[in-house]
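Shown below: my_file-v3.cif, with mmCIF, C-alpha atoms.
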data_my_file
#
loop_
_atom_site.label_atom_id
_atom_site.label_comp_id
_atom_site.auth_asym_id
_atom_site.auth_seq_id
_atom_site.Cartn_x
_atom_site.Cartn_y
_atom_site.Cartn_z
CA MET A 9 12.52 44.53 -35.98
CA LYS A 10 11.82 48.04 -34.82
CA SER A 11 14.37 50.83 -35.14
CA SER A 12 15.63 51.13 -31.55
CA ARG A 13 17.67 48.27 -30.14
CA PRO A 14 15.97 46.94 -27.02
CA LEU A 15 18.18 46.22 -24.04
CA ILE A 16 18.26 42.66 -22.77
CA LEU A 17 19.94 41.62 -19.53
CA LEU A 18 21.28 38.07 -19.75
CA LEU A 19 22.19 36.12 -16.62
CA GLU A 20 23.99 32.89 -17.52
CA ASP A 21 26.97 31.27 -15.83
CA ASP A 22 27.68 28.68 -18.53
CA ASN A 23 30.22 30.27 -20.88
CA ALA A 24 29.17 28.52 -24.10
CA SER A 25 25.45 29.05 -23.51
CA ALA A 26 26.07 32.71 -22.66
CA GLU A 27 28.18 33.33 -25.76
CA ALA A 28 25.78 31.53 -28.12
CA MET A 29 22.73 33.24 -26.60
CA GLN A 30 24.35 36.66 -26.98
CA ILE A 31 24.96 36.03 -30.69
CA VAL A 32 21.34 34.96 -31.21
CA LEU A 33 19.99 37.94 -29.25
CA ARG A 34 22.19 40.44 -31.07
CA ASP A 35 21.19 38.90 -34.40
CA TRP A 36 17.58 39.42 -33.32
CA GLY A 37 18.39 43.10 -32.88
CA ALA A 38 19.00 43.56 -29.17
CA ASP A 39 21.69 45.23 -27.15
CA VAL A 40 22.78 42.60 -24.65
CA VAL A 41 24.40 43.03 -21.27
CA HIS A 42 25.61 39.74 -19.88
CA GLY A 43 26.69 38.68 -16.42
CA ALA A 44 27.21 35.33 -14.73
CA ASP A 45 25.08 36.48 -11.79
CA ILE A 46 23.13 39.52 -10.58
CA ASP A 47 26.17 41.43 -9.34
CA ASP A 48 27.99 40.94 -12.63
CA VAL A 49 25.07 42.01 -14.75
CA SER A 50 24.18 44.98 -12.52
CA SER A 51 27.75 46.17 -12.61
CA ALA A 52 28.03 45.70 -16.40
CA ALA A 53 24.71 47.45 -17.09
CA GLY A 54 25.24 50.34 -14.66
CA ASN A 55 22.62 53.05 -15.10
CA ARG A 56 21.26 51.32 -18.21
CA ALA A 57 19.77 48.48 -16.13
CA SER A 58 16.57 50.49 -15.72
CA GLN A 59 16.16 50.59 -19.53
CA ALA A 60 16.02 46.81 -19.83
CA ILE A 61 12.82 45.58 -21.38
CA ILE A 62 13.72 41.90 -21.29
CA ILE A 63 15.59 39.78 -18.76
CA ILE A 64 16.69 36.28 -19.72
CA THR A 65 18.09 34.24 -16.87
CA ASP A 66 19.29 30.76 -16.08
CA PHE A 67 17.71 29.51 -12.86
CA HIS A 68 20.79 28.04 -11.20
CA LEU A 69 23.25 30.89 -10.75
CA PRO A 70 26.23 31.23 -8.40
CA VAL A 71 24.74 33.86 -6.06
CA ALA A 72 20.94 34.08 -6.10
CA ASP A 73 18.61 31.92 -8.19
CA GLY A 74 17.49 33.39 -11.51
CA VAL A 75 13.96 34.22 -10.38
CA SER A 76 15.15 36.10 -7.27
CA ALA A 77 17.75 37.89 -9.38
CA ALA A 78 15.14 38.91 -11.95
CA GLU A 79 12.80 40.15 -9.21
CA ARG A 80 15.59 42.38 -7.89
CA LEU A 81 16.45 43.67 -11.36
CA CYS A 82 12.77 44.36 -12.06
CA LYS A 83 12.68 46.85 -9.18
CA ASP A 84 14.78 49.13 -11.41
CA ALA A 85 13.17 47.97 -14.64
CA PRO A 86 9.55 47.38 -13.67
CA ASN A 87 8.33 46.85 -17.23
CA ALA A 88 10.87 44.17 -18.08
CA GLN A 89 9.52 40.82 -19.20
CA VAL A 90 11.37 37.79 -17.88
CA LEU A 91 12.28 34.44 -19.41
CA VAL A 92 13.66 31.79 -17.05
CA LEU A 93 15.68 28.90 -18.48
CA SER A 94 16.73 25.78 -16.63
CA GLY A 95 18.33 22.43 -17.35
CA SER A 96 17.44 21.12 -13.92
CA LEU A 97 15.28 18.02 -13.59
CA SER A 98 13.41 19.28 -10.56
CA ASN A 99 10.22 21.32 -10.81
CA ASP A 100 11.68 24.08 -8.61
CA ALA A 101 12.64 26.43 -11.41
CA LYS A 102 9.36 26.04 -13.25
CA LYS A 103 7.35 26.56 -10.06
CA ALA A 104 9.36 29.61 -9.02
CA ALA A 105 8.98 31.16 -12.48
CA LYS A 106 5.26 30.49 -12.49
CA ARG A 107 4.87 32.00 -9.01
CA ALA A 108 6.61 35.17 -10.16
CA GLY A 109 4.55 35.36 -13.36
CA TYR A 110 7.58 34.75 -15.61
CA THR A 111 7.86 32.64 -18.74
CA PHE A 112 9.73 29.35 -18.31
CA MET A 113 11.55 27.17 -20.86
CA SER A 114 13.52 23.99 -20.28
CA LYS A 115 17.03 23.72 -21.65
CA PRO A 116 17.74 22.93 -24.38
CA ALA A 117 15.25 25.57 -25.49
CA PRO A 118 14.67 25.56 -29.26
CA PRO A 119 16.06 28.85 -30.65
CA ARG A 120 12.87 29.27 -32.72
CA GLU A 121 10.81 29.26 -29.50
CA ILE A 122 13.10 31.82 -27.89
CA ILE A 123 12.86 34.08 -30.95
CA ALA A 124 9.07 33.65 -31.09
CA TRP A 125 8.87 34.64 -27.41
CA LEU A 126 11.09 37.68 -28.04
CA ASN A 127 8.95 38.80 -30.99
CA GLN A 128 5.75 38.40 -29.03
CA THR A 129 7.14 40.02 -25.90
CA TYR A 130 8.72 42.95 -27.70
CA SER A 131 5.50 43.68 -29.57
CA LEU A 132 3.71 43.81 -26.20
CA VAL A 133 6.17 45.99 -24.31
CA ASP A 134 7.17 48.43 -27.05
CA MET B 12 15.28 -1.79 -6.05
CA ASP B 13 18.92 -0.64 -5.98
CA SER B 14 19.35 -1.22 -9.70
CA ASP B 15 16.29 0.95 -10.42
CA ARG B 16 17.63 3.73 -8.19
CA SER B 17 21.06 3.52 -9.84
CA LYS B 18 19.47 3.65 -13.27
CA THR B 19 17.42 6.70 -12.30
CA ARG B 20 20.50 8.44 -10.86
CA PHE B 21 22.45 7.63 -14.01
CA LEU B 22 19.73 8.88 -16.35
CA THR B 23 19.26 12.00 -14.24
CA ALA B 24 22.98 12.78 -14.27
CA ILE B 25 23.54 12.30 -17.99
CA GLY B 26 20.28 14.03 -18.84
CA HIS B 27 21.18 17.13 -16.87
CA ASP B 28 24.83 17.24 -17.93
CA LEU B 29 24.00 16.84 -21.59
CA ARG B 30 21.32 19.52 -21.61
CA GLN B 31 23.60 22.52 -21.09
CA PRO B 32 26.05 21.92 -23.98
CA LEU B 33 23.16 20.90 -26.22
CA HIS B 34 21.41 24.18 -25.40
CA ALA B 35 24.55 26.04 -26.48
CA LEU B 36 24.93 23.88 -29.59
CA LEU B 37 21.38 24.61 -30.79
CA LEU B 38 21.94 28.34 -30.27
CA TYR B 39 25.27 28.27 -32.15
CA LEU B 40 23.59 26.40 -35.03
CA ALA B 41 20.79 28.99 -35.12
CA ALA B 42 23.41 31.76 -35.24
CA LEU B 43 25.24 30.00 -38.08
CA ASP B 44 21.98 29.52 -39.96
CA ARG B 45 21.61 33.30 -40.26
CA ARG B 46 25.14 33.72 -41.60
CA VAL B 47 25.51 30.92 -44.14
CA LYS B 48 24.33 31.75 -47.67
CA ASP B 49 25.97 28.97 -49.72
CA GLU B 50 23.32 26.32 -50.56
CA GLU B 51 25.54 23.27 -50.07
CA THR B 52 26.74 24.48 -46.69
CA ARG B 53 23.16 25.33 -45.72
CA THR B 54 22.12 21.75 -46.53
CA ILE B 55 24.89 20.38 -44.32
CA LEU B 56 23.98 22.82 -41.59
CA GLY B 57 20.32 21.77 -41.82
CA LYS B 58 21.36 18.15 -41.31
CA ALA B 59 23.53 19.11 -38.34
CA ASP B 60 20.55 20.94 -36.85
CA GLN B 61 18.29 17.92 -37.38
CA ALA B 62 20.86 15.66 -35.72
CA ALA B 63 21.15 18.03 -32.76
CA GLN B 64 17.37 18.16 -32.43
CA SER B 65 17.15 14.35 -32.55
CA LEU B 66 19.71 14.24 -29.76
CA ALA B 67 17.66 16.80 -27.83
CA CYS B 68 14.55 14.61 -28.22
CA MET B 69 16.41 11.55 -26.95
CA ILE B 70 17.77 13.41 -23.95
CA GLU B 71 14.32 14.80 -23.17
CA GLY B 72 12.98 11.25 -23.35
CA LEU B 73 15.62 9.99 -20.92
CA ILE B 74 14.94 12.89 -18.58
CA HIS B 75 11.21 12.30 -18.77
CA LEU B 76 11.73 8.65 -17.91
CA ALA B 77 14.04 9.49 -15.02
CA ARG B 78 11.60 12.05 -13.63
CA ILE B 79 8.70 9.60 -13.77
CA ASP B 80 10.77 6.89 -12.06
CA ALA B 81 11.93 9.35 -9.40
CA GLY B 82 8.33 10.34 -8.65
CA LYS B 83 8.95 13.92 -9.75
CA VAL B 84 6.09 14.16 -12.22
CA GLU B 85 3.10 15.83 -10.61
CA THR B 86 -0.45 15.45 -11.87
CA GLU B 87 -3.19 18.06 -12.07
CA PHE B 88 -6.54 16.77 -13.28
CA HIS B 89 -8.90 18.84 -15.41
CA SER B 90 -11.46 18.29 -18.12
CA VAL B 91 -9.46 17.79 -21.33
CA ASP B 92 -11.00 18.43 -24.74
CA ILE B 93 -9.68 15.61 -26.95
CA GLN B 94 -10.20 17.59 -30.15
CA GLU B 95 -7.67 20.19 -28.97
CA ILE B 96 -5.02 17.50 -28.57
CA PHE B 97 -5.91 15.97 -31.95
CA ASP B 98 -5.60 19.40 -33.60
CA GLU B 99 -2.12 19.86 -32.12
CA MET B 100 -0.97 16.43 -33.25
CA VAL B 101 -2.27 16.93 -36.80
CA ALA B 102 -0.63 20.36 -36.95
CA THR B 103 2.78 19.10 -35.84
CA VAL B 104 3.05 15.65 -37.47
CA PRO B 105 2.91 15.68 -41.28
CA GLY B 106 0.63 12.90 -42.51
CA ALA B 107 -1.34 12.61 -39.27
CA THR B 108 -5.12 12.73 -39.53
CA ALA B 109 -7.92 12.74 -36.97
CA ASP B 110 -11.65 12.19 -36.73
CA ALA B 111 -13.64 15.03 -35.25
CA THR B 112 -14.73 14.43 -31.66
CA ALA B 113 -16.66 16.29 -29.02
CA LEU B 114 -15.51 13.97 -26.22
CA ALA B 115 -13.65 15.18 -23.15
CA VAL B 116 -11.81 13.15 -20.50
CA ARG B 117 -10.70 13.76 -16.95
CA SER B 118 -6.92 13.86 -17.12
CA ASP B 119 -3.81 15.99 -16.78
CA PRO B 120 -3.70 18.03 -20.02
CA ALA B 121 0.10 18.21 -20.28
CA LEU B 122 0.66 14.56 -19.45
CA LEU B 123 -2.12 13.31 -21.72
CA ARG B 124 -0.61 15.44 -24.48
CA ALA B 125 2.79 13.85 -23.75
CA ILE B 126 1.26 10.36 -24.00
CA MET B 127 -0.38 11.20 -27.31
CA GLN B 128 2.86 12.71 -28.64
CA GLN B 129 4.68 9.47 -27.89
CA LEU B 130 1.96 7.33 -29.50
CA VAL B 131 1.74 9.51 -32.60
CA SER B 132 5.53 9.67 -32.89
CA ASN B 133 5.68 5.88 -32.58
CA ALA B 134 3.03 5.45 -35.29
CA ASP B 135 4.88 7.96 -37.46
CA THR B 136 8.25 6.22 -37.09
CA HIS B 137 7.27 2.56 -36.92
CA GLY B 138 3.76 2.46 -38.30
CA GLY B 139 4.04 3.61 -41.88
CA GLY B 140 4.00 7.36 -41.31
CA LYS B 141 0.26 8.03 -41.38
CA PRO B 142 -1.09 8.01 -37.83
CA HIS B 143 -4.84 8.33 -37.55
CA LEU B 144 -6.45 9.54 -34.32
CA SER B 145 -9.99 8.89 -33.13
CA ALA B 146 -11.97 8.74 -29.91
CA THR B 147 -15.00 6.69 -28.94
CA SER B 148 -17.25 6.55 -25.94
CA THR B 149 -17.74 3.10 -24.41
CA ASP B 150 -19.53 1.67 -21.39
CA ALA B 151 -16.21 1.73 -19.54
CA GLY B 152 -15.30 5.31 -20.41
CA VAL B 153 -13.52 6.91 -23.36
CA GLU B 154 -11.08 5.24 -25.74
CA ILE B 155 -8.52 7.47 -27.46
CA GLN B 156 -6.98 5.62 -30.38
CA VAL B 157 -3.89 6.05 -32.54
CA ARG B 158 -4.02 3.75 -35.55
CA ASP B 159 -1.22 3.05 -38.02
CA ASP B 160 -0.81 1.01 -41.20
CA GLY B 161 2.58 -0.41 -40.29
CA PRO B 162 3.70 -4.04 -40.28
CA GLY B 163 1.76 -4.84 -37.10
CA ILE B 164 2.99 -6.39 -33.86
CA GLU B 165 2.96 -10.08 -33.03
CA ALA B 166 0.99 -11.09 -29.93
CA LYS B 167 4.17 -12.27 -28.16
CA ASP B 168 5.70 -8.76 -28.49
CA GLN B 169 2.67 -6.71 -27.50
CA ALA B 170 3.46 -6.44 -23.79
CA ARG B 171 7.21 -6.12 -24.38
CA ILE B 172 6.91 -2.98 -26.51
CA PHE B 173 5.91 -0.97 -23.43
CA GLU B 174 9.19 -1.84 -21.70
CA GLU B 175 12.14 0.59 -21.73
CA PHE B 176 14.79 0.37 -24.45
CA THR B 177 12.81 -2.14 -26.47
CA ARG B 178 13.12 -2.34 -30.23
CA LEU B 179 11.44 -5.08 -32.20
CA ASP B 180 13.31 -6.99 -34.91
CA GLY B 181 13.23 -5.11 -38.19
CA ALA B 182 12.17 -1.83 -36.59
CA PRO B 183 13.96 1.36 -37.71
CA SER B 184 17.03 1.99 -35.58
CA THR B 185 16.03 5.56 -34.76
CA GLY B 186 15.40 6.56 -31.16
CA LEU B 187 16.14 4.77 -27.93
CA GLY B 188 13.08 2.58 -27.67
CA ILE B 189 11.65 4.51 -24.72
CA GLY B 190 8.68 6.35 -26.22
CA LEU B 191 6.08 3.69 -25.51
CA ALA B 192 7.57 3.09 -22.04
CA ILE B 193 7.10 6.78 -21.28
CA ALA B 194 3.51 6.63 -22.57
CA ALA B 195 2.77 3.56 -20.43
CA LYS B 196 4.33 5.03 -17.27
CA LEU B 197 2.48 8.32 -17.69
CA ALA B 198 -0.76 6.46 -18.34
CA ALA B 199 -0.23 4.47 -15.12
CA LEU B 200 0.45 7.71 -13.25
CA LEU B 201 -2.90 9.04 -14.47
CA SER B 202 -4.70 5.74 -13.78
CA HIS B 203 -5.39 5.48 -17.50
CA LYS B 204 -5.07 2.07 -19.13
CA ILE B 205 -3.00 1.72 -22.30
CA GLU B 206 -2.99 -1.22 -24.70
CA VAL B 207 -2.20 -2.17 -28.27
CA ARG B 208 -4.48 -4.06 -30.62
CA SER B 209 -2.57 -5.53 -33.52
CA ALA B 210 -1.73 -8.50 -35.68
CA LEU B 211 1.11 -9.04 -38.13
CA GLY B 212 0.37 -7.37 -41.44
CA GLU B 213 -2.63 -5.47 -40.10
CA GLY B 214 -1.15 -2.34 -38.58
CA ALA B 215 -1.58 -1.44 -34.93
CA THR B 216 -4.00 0.57 -32.84
CA PHE B 217 -2.77 1.99 -29.54
CA VAL B 218 -5.60 2.75 -27.16
CA VAL B 219 -5.68 4.97 -24.07
CA HIS B 220 -8.66 4.35 -21.79
CA ALA B 221 -9.68 7.32 -19.64
CA SER B 222 -12.71 8.39 -17.64
CA PRO B 223 -15.10 10.87 -19.23
CA ALA B 224 -14.94 14.44 -17.94
#

Target encoding structure tokens, full file:
Amino acid sequence: MKSSRPLILLLEDDNASAEAMQIVLRDWGADVVHGADIDDVSSAAGNRASQAIIIITDFHLPVADGVSAAERLCKDAPNAQVLVLSGSLSNDAKKAAKRAGYTFMSKPAPPREIIAWLNQTYSLVD
Amino acid sequence: MDSDRSKTRFLTAIGHDLRQPLHALLLYLAALDRRVKDEETRTILGKADQAAQSLACMIEGLIHLARIDAGKVETEFHSVDIQEIFDEMVATVPGATADATALAVRSDPALLRAIMQQLVSNADTHGGGKPHLSATSTDAGVEIQVRDDGPGIEAKDQARIFEEFTRLDGAPSTGLGIGLAIAAKLAALLSHKIEVRSALGEGATFVVHASPA
């Protein structure tokens, strides 16, 4: 890990997944701002949203889908890399992520793969 | 058929509903793994993680089956280098070996990889643990083979093993018995033929027939 703690925005409306993911991300060395949807996370992050270098989002969220939410957040944080997660059986999430140029993983995503993606992504953006 | 639609709906529902808590469970286990130092507890935790990952594999299998049956699996044909798939299988399955090949087939790379994963996993679990992969060019196209040194399969069971939820007498009770069904359904989707050549006591060779690239 590098010395500064990168900021990750986490959009997840499942309580257990959100809590567990935050522990894993903080263990990895990140500062994490979590919200159940884009309004929650924007409000929780405030001015820091623009400092986010990584956005991790579930696809099915209460307000906007995860890809649309990430696209909106990326307007303030244009260098942020995005990981989209989904437990849905349809191809919609994967297609939307691919269209936007984001990384996609199906749930349950192996924690090792998430960490590997974080390491690779952080080495690219830092 | 109504029963097929009901089955697909059922598999879809349980697959989706089980994925979310399992996702959280795997993350919690990963978080615990970083915190536990005591060796005995780490061993128990490792077993819990293996069990959770086995469950994840079974759920993925059910979901895969449901998606195929619901017509939600899309195909995208390209030239597929067989050696690349062999290399992946050998790298991920301890004990697996492969002959070198320069052959390529026209197929969907992801789906062909999924077929091979199921065949190699089947050979690993039921076929003595040393799957061997090879490919040959024939007049009819390309044969991709997964050979094992297991107990072999009687002629009367050779069609049945490609049906869902099938386990032969004496087979290990791991898994749901859907791996070969998934391989067969994906092969059908790709217009590839799949068959098994075997006799009791002589191991088994699973063969995927595909067109050359």

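Residues in contact range of segment 98-111 of chain B, defined as at most 7 Å between all atoms listed in the file, with sequence neighbours fewer than 3 positions away removed, read B:Gln94, B:Glu95, B:Gly140, B:Lys141, B:Pro142, B:His143, B:Leu144, B:Ser145.
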
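Picked out by the PyMOL selection byres ((chain B) within 8 of (chain A)) when it runs on this file: B:Thr23, B:His27, B:Arg30, B:Gln31, B:Pro32, B:Leu33, B:His34, B:Ala35, B:Leu36, B:Leu37, B:Leu38, B:Tyr39, B:Ala41, B:Ala42, B:Ala67, B:Ile74, B:Arg78, B:Lys83.
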
For segment 160-163 of chain B, list every protein, DNA or RNA residue within 12 Å, evaluated using only C-alpha atoms, and leave out those in the same chain fewer than 2 positions away; present the list as a PyMOL selection string.
chain B and resi 107+133-143+157-158+165-169+172+179-183+207-217

Write a file of the selected residues as a short mmCIF file (atom, residue, chain, number, x, y, z; two decimals), in the coordinates of the input, keeping C-alpha atoms.
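Contents of result.cif, freshly written:
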data_model
loop_
_atom_site.label_atom_id
_atom_site.label_comp_id
_atom_site.auth_asym_id
_atom_site.auth_seq_id
_atom_site.Cartn_x
_atom_site.Cartn_y
_atom_site.Cartn_z
CA ALA B 107 -1.34 12.61 -39.27
CA ASN B 133 5.68 5.88 -32.58
CA ALA B 134 3.03 5.45 -35.29
CA ASP B 135 4.88 7.96 -37.46
CA THR B 136 8.25 6.22 -37.09
CA HIS B 137 7.27 2.56 -36.92
CA GLY B 138 3.76 2.46 -38.30
CA GLY B 139 4.04 3.61 -41.88
CA GLY B 140 4.00 7.36 -41.31
CA LYS B 141 0.26 8.03 -41.38
CA PRO B 142 -1.09 8.01 -37.83
CA HIS B 143 -4.84 8.33 -37.55
CA VAL B 157 -3.89 6.05 -32.54
CA ARG B 158 -4.02 3.75 -35.55
CA GLU B 165 2.96 -10.08 -33.03
CA ALA B 166 0.99 -11.09 -29.93
CA LYS B 167 4.17 -12.27 -28.16
CA ASP B 168 5.70 -8.76 -28.49
CA GLN B 169 2.67 -6.71 -27.50
CA ILE B 172 6.91 -2.98 -26.51
CA LEU B 179 11.44 -5.08 -32.20
CA ASP B 180 13.31 -6.99 -34.91
CA GLY B 181 13.23 -5.11 -38.19
CA ALA B 182 12.17 -1.83 -36.59
CA PRO B 183 13.96 1.36 -37.71
CA VAL B 207 -2.20 -2.17 -28.27
CA ARG B 208 -4.48 -4.06 -30.62
CA SER B 209 -2.57 -5.53 -33.52
CA ALA B 210 -1.73 -8.50 -35.68
CA LEU B 211 1.11 -9.04 -38.13
CA GLY B 212 0.37 -7.37 -41.44
CA GLU B 213 -2.63 -5.47 -40.10
CA GLY B 214 -1.15 -2.34 -38.58
CA ALA B 215 -1.58 -1.44 -34.93
CA THR B 216 -4.00 0.57 -32.84
CA PHE B 217 -2.77 1.99 -29.54
#

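For the file shown, the residue list from the PyMOL selection byres ((chain A and resi 80) around 12) reads Asp45, Ile46, Asp47, Val49, Ser50, Ala57, Ser58, Ile63, Ala72, Asp73, Gly74, Val75, Ser76, Ala77, Ala78, Glu79, Leu81, Cys82, Lys83, Asp84, Ala85, Pro86, Ala88, Val90 and Ala108 of chain A.
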
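The gap separating atom CA of Lys196 of chain B from atom CA of Phe176 of chain B is 13.5 Å, in Å to one decimal.
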
Please identify all polymer residues within 10 Å of Thr147 of chain B, counting only C-alpha atoms, omitting same-chain residues fewer than 4 positions from it, and present them as a PDB file with C-alpha atoms, in the frame of the given file.
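For reference, selection-v3.pdb as written:
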ATOM      1  CA  THR B 112     -14.730  14.430 -31.660  1.00  0.00           C
ATOM      2  CA  ALA B 113     -16.660  16.290 -29.020  1.00  0.00           C
ATOM      3  CA  LEU B 114     -15.510  13.970 -26.220  1.00  0.00           C
ATOM      4  CA  GLY B 152     -15.300   5.310 -20.410  1.00  0.00           C
ATOM      5  CA  VAL B 153     -13.520   6.910 -23.360  1.00  0.00           C
ATOM      6  CA  GLU B 154     -11.080   5.240 -25.740  1.00  0.00           C
ATOM      7  CA  ILE B 155      -8.520   7.470 -27.460  1.00  0.00           C
ATOM      8  CA  GLN B 156      -6.980   5.620 -30.380  1.00  0.00           C
ATOM      9  CA  HIS B 220      -8.660   4.350 -21.790  1.00  0.00           C
TER      10      HIS B 220
END

Build an axis-aligned box that encloses every atom of segment 60-67 of chain A listed in the file, pad it by 3 Å on each side, and report its centre and edge lengths in Å to one decimal, as JSON.
{"center_x": 16.1, "center_y": 38.2, "center_z": -17.1, "size_x": 12.5, "size_y": 23.3, "size_z": 14.5}

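Here atom CA of Gly82 of chain B and atom CA of Leu197 of chain B stand 11.0 Å from one another.
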
How many Å lie between atom CA of Asn127 of chain A and atom CA of Asp39 of chain A, rounded to one decimal?
14.8 Å
